[in-house]
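This report refers to the structure that appears directly beneath it.
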Amino acid sequence: MEPTQKLVHTQPGTKMTDDEFQLYLKQIQHLAENEFDEMQKEVEVTNTFPKEFFRLAIDNDLYRFALPLKYGGFGLNCHQIFQVQERFSRGPGGMRMHLHYAADLNWRIMNEFGQPELKAEVMPKLQDKSIFTCFALTEETGGTGADLHTSAVRDGDDFILNGEKTLISHTDCSDAAYVFAVTDPDKPGPERLTAFYVPVDTSGYEIVPMPHMMGCRGAGHAGLRFTNM
């Protein structure tokens, strides 16, 4: 197996040229079909991504490619982003899930809805996995938003969260969670809810193991429990 050809790119936060982008696509496809595919033999046994996976994803800019330019991204358009996703999707399913999430929900909810001071702190750290998140929406009763039961009650300047989530991906490699909770139970639809950015070392945050899944091994699926968090 030949080593992956590393794209010599200009600088993070600058757009790729067309030639650079074509080289990048070849680089990511080679990575998915070789190194990632070889790692999957270990993942099928351990259900955990090896640290080498994260190192290669960082070295090959797979946490950066979809980010906006001002946060160290490459300024790719939607068509280009989908082409990159198609290339790494040729690798194992769990790794595909992780990288799809990194290219979208990991940063998009913060970029579009985060408070300015929190965006300034968090967004630049997403480009090299200095921060990685999980998306804590789904519960055993459902996951559309209208059917959530996790609650957040204001207590002075704080909110106190109680509840449980299920089938949450990437819990084993996350530094923080986007936790959706009911803050206004009498309001309709989405107006009932608030999303909280919660570091995983917050008191009252607990990861609850789940049975091993068929397929998508290594994607860190687990439940979450919040007790007076």
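A note on labels: chains of the structure tokens are A, B, ... as shown, every chain counts residues from 1, and ligands are counted from 1 in their shown order.
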(request) Excluding Ala102 (chain A) and residues on its chain fewer than 4 positions from it, collect all residues at most 10 Å away from it, counting only C-alpha atoms, and give them as a list of chain:residue names. (result)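 My list of contacting residues is A:Leu62, A:Tyr63, A:Arg64, A:Phe65, A:Ala66, A:Leu67, A:Arg96, A:Met97, A:His98, A:Asn106, A:Trp107, A:Arg108, A:Leu126, A:Gln127, A:Lys129, A:Phe132, A:Thr133, A:Cys134.
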Go ahead and save the residues from that selection, with N, CA, C and O atoms, as a PDB file, in the first residue's frame.
ATOM      1  N   LEU A  62      -9.652  16.873   7.264  1.00  0.00           N
ATOM      2  CA  LEU A  62     -11.028  16.418   7.189  1.00  0.00           C
ATOM      3  C   LEU A  62     -11.928  17.046   8.252  1.00  0.00           C
ATOM      4  O   LEU A  62     -13.143  16.855   8.214  1.00  0.00           O
ATOM      5  N   TYR A  63     -11.362  17.771   9.186  1.00  0.00           N
ATOM      6  CA  TYR A  63     -12.178  18.570  10.103  1.00  0.00           C
ATOM      7  C   TYR A  63     -12.287  20.011   9.616  1.00  0.00           C
ATOM      8  O   TYR A  63     -13.043  20.797  10.172  1.00  0.00           O
ATOM      9  N   ARG A  64     -11.554  20.346   8.586  1.00  0.00           N
ATOM     10  CA  ARG A  64     -11.436  21.731   8.136  1.00  0.00           C
ATOM     11  C   ARG A  64     -12.181  22.005   6.826  1.00  0.00           C
ATOM     12  O   ARG A  64     -12.632  23.129   6.595  1.00  0.00           O
ATOM     13  N   PHE A  65     -12.336  21.003   5.976  1.00  0.00           N
ATOM     14  CA  PHE A  65     -12.671  21.301   4.580  1.00  0.00           C
ATOM     15  C   PHE A  65     -14.008  22.021   4.413  1.00  0.00           C
ATOM     16  O   PHE A  65     -14.178  22.805   3.488  1.00  0.00           O
ATOM     17  N   ALA A  66     -14.980  21.781   5.305  1.00  0.00           N
ATOM     18  CA  ALA A  66     -16.294  22.399   5.133  1.00  0.00           C
ATOM     19  C   ALA A  66     -16.463  23.681   5.938  1.00  0.00           C
ATOM     20  O   ALA A  66     -17.463  24.378   5.778  1.00  0.00           O
ATOM     21  N   LEU A  67     -15.502  24.003   6.793  1.00  0.00           N
ATOM     22  CA  LEU A  67     -15.620  25.196   7.635  1.00  0.00           C
ATOM     23  C   LEU A  67     -15.558  26.484   6.802  1.00  0.00           C
ATOM     24  O   LEU A  67     -14.898  26.526   5.763  1.00  0.00           O
ATOM     25  N   ARG A  96     -17.325   7.117   8.107  1.00  0.00           N
ATOM     26  CA  ARG A  96     -18.121   8.009   7.279  1.00  0.00           C
ATOM     27  C   ARG A  96     -19.049   8.854   8.149  1.00  0.00           C
ATOM     28  O   ARG A  96     -19.157  10.068   7.957  1.00  0.00           O
ATOM     29  N   MET A  97     -19.734   8.221   9.122  1.00  0.00           N
ATOM     30  CA  MET A  97     -20.633   8.964  10.005  1.00  0.00           C
ATOM     31  C   MET A  97     -19.895  10.067  10.749  1.00  0.00           C
ATOM     32  O   MET A  97     -20.363  11.199  10.868  1.00  0.00           O
ATOM     33  N   HIS A  98     -18.734   9.720  11.280  1.00  0.00           N
ATOM     34  CA  HIS A  98     -17.937  10.682  12.047  1.00  0.00           C
ATOM     35  C   HIS A  98     -17.567  11.884  11.186  1.00  0.00           C
ATOM     36  O   HIS A  98     -17.704  13.038  11.618  1.00  0.00           O
ATOM     37  N   ASN A 106     -21.250  19.428  13.522  1.00  0.00           N
ATOM     38  CA  ASN A 106     -20.211  19.762  14.497  1.00  0.00           C
ATOM     39  C   ASN A 106     -19.991  21.265  14.611  1.00  0.00           C
ATOM     40  O   ASN A 106     -19.726  21.781  15.701  1.00  0.00           O
ATOM     41  N   TRP A 107     -20.118  21.976  13.489  1.00  0.00           N
ATOM     42  CA  TRP A 107     -19.858  23.418  13.504  1.00  0.00           C
ATOM     43  C   TRP A 107     -21.067  24.264  13.128  1.00  0.00           C
ATOM     44  O   TRP A 107     -21.197  25.412  13.559  1.00  0.00           O
ATOM     45  N   ARG A 108     -22.012  23.707  12.337  1.00  0.00           N
ATOM     46  CA  ARG A 108     -23.040  24.555  11.742  1.00  0.00           C
ATOM     47  C   ARG A 108     -23.996  25.143  12.786  1.00  0.00           C
ATOM     48  O   ARG A 108     -24.384  26.308  12.702  1.00  0.00           O
ATOM     49  N   LEU A 126     -12.524  24.013  16.067  1.00  0.00           N
ATOM     50  CA  LEU A 126     -13.145  22.883  15.394  1.00  0.00           C
ATOM     51  C   LEU A 126     -12.335  22.407  14.187  1.00  0.00           C
ATOM     52  O   LEU A 126     -12.523  21.280  13.728  1.00  0.00           O
ATOM     53  N   GLN A 127     -11.415  23.237  13.686  1.00  0.00           N
ATOM     54  CA  GLN A 127     -10.715  22.904  12.448  1.00  0.00           C
ATOM     55  C   GLN A 127      -9.688  21.786  12.617  1.00  0.00           C
ATOM     56  O   GLN A 127      -9.301  21.146  11.635  1.00  0.00           O
ATOM     57  N   LYS A 129      -9.942  19.484  15.485  1.00  0.00           N
ATOM     58  CA  LYS A 129     -10.485  18.612  16.530  1.00  0.00           C
ATOM     59  C   LYS A 129      -9.976  18.979  17.922  1.00  0.00           C
ATOM     60  O   LYS A 129     -10.010  18.151  18.836  1.00  0.00           O
ATOM     61  N   PHE A 132     -14.466  18.724  19.690  1.00  0.00           N
ATOM     62  CA  PHE A 132     -15.408  17.953  18.888  1.00  0.00           C
ATOM     63  C   PHE A 132     -16.668  17.777  19.720  1.00  0.00           C
ATOM     64  O   PHE A 132     -16.596  17.666  20.945  1.00  0.00           O
ATOM     65  N   THR A 133     -17.818  17.772  19.071  1.00  0.00           N
ATOM     66  CA  THR A 133     -19.082  17.754  19.787  1.00  0.00           C
ATOM     67  C   THR A 133     -19.901  16.515  19.446  1.00  0.00           C
ATOM     68  O   THR A 133     -19.583  15.772  18.521  1.00  0.00           O
ATOM     69  N   CYS A 134     -20.964  16.306  20.205  1.00  0.00           N
ATOM     70  CA  CYS A 134     -22.009  15.373  19.819  1.00  0.00           C
ATOM     71  C   CYS A 134     -23.345  16.109  19.845  1.00  0.00           C
ATOM     72  O   CYS A 134     -23.469  17.164  20.478  1.00  0.00           O
TER      73      CYS A 134
END
(request) List the neighbours of region 81-90 of chain A out to 9 Å using only C-alpha atoms; skip same-chain residues closer than 4 positions along the sequence, and give me the result as an MDAnalysis selection string. (result) chainID A and resid 24:26 28:33 37 65:66 76:77 95:97 99:100 103
(message) Set the distance at 10 Å and use only C-alpha atoms: which residues neighbour region 110-117 of chain A once local chain neighbours fewer than 3 positions away are removed? I'd like the list as JSON, numbers by chain.
(response) {"A": [67, 68, 71, 105, 106, 107, 120, 121, 122, 123, 178, 195, 196, 197]}
I need the residues from that last selection saved to file as a tab-separated table (two decimals), in the first residue's frame (with all heavy atoms), if you can.
chain	number	residue	atom	x	y	z
A	67	LEU	N	-15.50	24.00	6.79
A	67	LEU	CA	-15.62	25.20	7.63
A	67	LEU	C	-15.56	26.48	6.80
A	67	LEU	O	-14.90	26.53	5.76
A	67	LEU	CB	-14.49	25.23	8.66
A	67	LEU	CG	-14.63	24.39	9.93
A	67	LEU	CD1	-13.35	24.50	10.75
A	67	LEU	CD2	-15.83	24.80	10.76
A	68	PRO	N	-16.21	27.55	7.28
A	68	PRO	CA	-16.06	28.85	6.62
A	68	PRO	C	-14.61	29.32	6.64
A	68	PRO	O	-13.83	28.97	7.54
A	68	PRO	CB	-16.96	29.77	7.46
A	68	PRO	CG	-17.93	28.86	8.14
A	68	PRO	CD	-17.19	27.59	8.39
A	71	TYR	N	-12.87	30.80	9.80
A	71	TYR	CA	-12.54	29.92	10.92
A	71	TYR	C	-11.50	28.89	10.53
A	71	TYR	O	-11.34	27.86	11.19
A	71	TYR	CB	-13.79	29.25	11.45
A	71	TYR	CG	-14.78	30.22	12.05
A	71	TYR	CD1	-16.06	30.36	11.52
A	71	TYR	CD2	-14.44	31.01	13.15
A	71	TYR	CE1	-16.96	31.26	12.06
A	71	TYR	CE2	-15.34	31.91	13.69
A	71	TYR	CZ	-16.59	32.03	13.15
A	71	TYR	OH	-17.50	32.93	13.69
A	105	LEU	N	-22.91	19.21	11.29
A	105	LEU	CA	-23.49	19.55	12.59
A	105	LEU	C	-22.45	19.96	13.62
A	105	LEU	O	-22.75	20.74	14.53
A	105	LEU	CB	-24.30	18.37	13.12
A	105	LEU	CG	-25.66	18.12	12.46
A	105	LEU	CD1	-26.33	16.90	13.08
A	105	LEU	CD2	-26.56	19.34	12.58
A	106	ASN	N	-21.25	19.43	13.52
A	106	ASN	CA	-20.21	19.76	14.50
A	106	ASN	C	-19.99	21.27	14.61
A	106	ASN	O	-19.73	21.78	15.70
A	106	ASN	CB	-18.90	19.07	14.11
A	106	ASN	CG	-17.82	19.20	15.17
A	106	ASN	OD1	-18.08	19.03	16.35
A	106	ASN	ND2	-16.61	19.50	14.74
A	107	TRP	N	-20.12	21.98	13.49
A	107	TRP	CA	-19.86	23.42	13.50
A	107	TRP	C	-21.07	24.26	13.13
A	107	TRP	O	-21.20	25.41	13.56
A	107	TRP	CB	-18.70	23.76	12.56
A	107	TRP	CG	-18.98	23.51	11.10
A	107	TRP	CD1	-18.74	22.35	10.41
A	107	TRP	CD2	-19.57	24.40	10.15
A	107	TRP	NE1	-19.13	22.48	9.10
A	107	TRP	CE2	-19.64	23.74	8.91
A	107	TRP	CE3	-20.02	25.72	10.23
A	107	TRP	CZ2	-20.16	24.33	7.76
A	107	TRP	CZ3	-20.54	26.31	9.07
A	107	TRP	CH2	-20.60	25.62	7.86
A	120	ALA	N	-16.74	32.83	19.09
A	120	ALA	CA	-15.35	33.26	19.01
A	120	ALA	C	-14.42	32.29	19.73
A	120	ALA	O	-13.28	32.07	19.33
A	120	ALA	CB	-15.21	34.66	19.61
A	121	GLU	N	-14.93	31.69	20.80
A	121	GLU	CA	-14.12	30.74	21.58
A	121	GLU	C	-14.04	29.38	20.92
A	121	GLU	O	-12.96	28.75	20.87
A	121	GLU	CB	-14.73	30.58	22.98
A	121	GLU	CG	-14.05	29.52	23.83
A	121	GLU	CD	-14.78	29.23	25.12
A	121	GLU	OE1	-15.71	30.00	25.47
A	121	GLU	OE2	-14.44	28.24	25.78
A	122	VAL	N	-15.16	28.89	20.39
A	122	VAL	CA	-15.26	27.50	19.97
A	122	VAL	C	-14.91	27.29	18.49
A	122	VAL	O	-14.18	26.35	18.14
A	122	VAL	CB	-16.69	26.96	20.24
A	122	VAL	CG1	-16.88	25.57	19.64
A	122	VAL	CG2	-16.95	26.93	21.74
A	123	MET	N	-15.42	28.13	17.61
A	123	MET	CA	-15.32	27.85	16.17
A	123	MET	C	-13.89	27.64	15.67
A	123	MET	O	-13.65	26.70	14.90
A	123	MET	CB	-16.01	28.96	15.38
A	123	MET	CG	-17.53	28.96	15.47
A	123	MET	SD	-18.31	27.54	14.66
A	123	MET	CE	-17.92	27.85	12.93
A	178	TYR	N	-24.18	19.37	22.12
A	178	TYR	CA	-25.32	20.26	21.90
A	178	TYR	C	-26.54	19.54	22.48
A	178	TYR	O	-27.02	18.56	21.91
A	178	TYR	CB	-25.54	20.52	20.41
A	178	TYR	CG	-24.40	21.21	19.70
A	178	TYR	CD1	-23.74	20.60	18.63
A	178	TYR	CD2	-23.98	22.48	20.08
A	178	TYR	CE1	-22.71	21.24	17.96
A	178	TYR	CE2	-22.95	23.13	19.41
A	178	TYR	CZ	-22.31	22.50	18.36
A	178	TYR	OH	-21.29	23.14	17.70
A	195	ALA	N	-31.22	24.99	22.72
A	195	ALA	CA	-30.02	24.15	22.60
A	195	ALA	C	-28.94	24.73	23.50
A	195	ALA	O	-28.67	25.93	23.47
A	195	ALA	CB	-29.54	24.11	21.16
A	196	PHE	N	-28.31	23.86	24.29
A	196	PHE	CA	-27.25	24.26	25.21
A	196	PHE	C	-25.94	23.62	24.77
A	196	PHE	O	-25.90	22.45	24.40
A	196	PHE	CB	-27.57	23.78	26.63
A	196	PHE	CG	-28.78	24.44	27.23
A	196	PHE	CD1	-30.06	23.94	26.98
A	196	PHE	CD2	-28.66	25.56	28.03
A	196	PHE	CE1	-31.18	24.54	27.53
A	196	PHE	CE2	-29.77	26.17	28.58
A	196	PHE	CZ	-31.04	25.66	28.33
A	197	TYR	N	-24.87	24.41	24.81
A	197	TYR	CA	-23.52	23.89	24.55
A	197	TYR	C	-22.95	23.47	25.91
A	197	TYR	O	-22.69	24.32	26.77
A	197	TYR	CB	-22.67	24.97	23.90
A	197	TYR	CG	-21.22	24.57	23.66
A	197	TYR	CD1	-20.86	23.84	22.53
A	197	TYR	CD2	-20.22	24.92	24.57
A	197	TYR	CE1	-19.54	23.47	22.31
A	197	TYR	CE2	-18.90	24.57	24.35
A	197	TYR	CZ	-18.56	23.84	23.22
A	197	TYR	OH	-17.25	23.47	23.00
(message) Using Å and a single decimal, report how far CA of Thr227 (chain A) sits from CA of Asn162 (chain A).
(response)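 We find that CA of Asn162 (chain A) and CA of Thr227 (chain A) lie 5.0 Å from each other.
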(request) Pick out each residue of region 1-227 of chain A that DSSP on the backbone tags as strand (DSSP E); I need them as a PyMOL selection string. (result) chain A and resi 133-136+151-155+158-168+176-182+193-199+205-209+222-226
(message) List as a PyMOL selection string the protein and nucleic acid residues near Gly163 (chain A), meaning an atom at most 12 Å away when only C-alpha atoms are counted, but skip any in the same chain fewer than 2 places from it.
(response) chain A and resi 136-141+148-153+160-161+165-166+179-182+204-206+223-229
(request) Work out how far apart CA of Asp155 (chain A) and CA of Gly143 (chain A) are and give it in Å to one decimal. (result) 26.0 Å
(request) Please run DSSP on the backbone and report, as number ranges by chain, all residues within region 17-152 of chain A that come out as helix (DSSP H, G or I). (result) A: 18-46, 51-59, 69-71, 78-88, 93-102, 105-113, 116-126
(message) For a test of reading the model, state the distance in Å between CA of Arg154 (chain A) and CA of Gly189 (chain A), rounded to one decimal.
(response)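 Between these atoms lies a distance of 19.7 Å.
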(request) Excluding Ala219 (chain A) and residues on its chain fewer than 4 positions from it, collect all residues at most 10 Å away from it, counting only C-alpha atoms, and give them as a PyMOL selection string. (result) chain A and resi 43+47-49+93-98+168-173+213+215
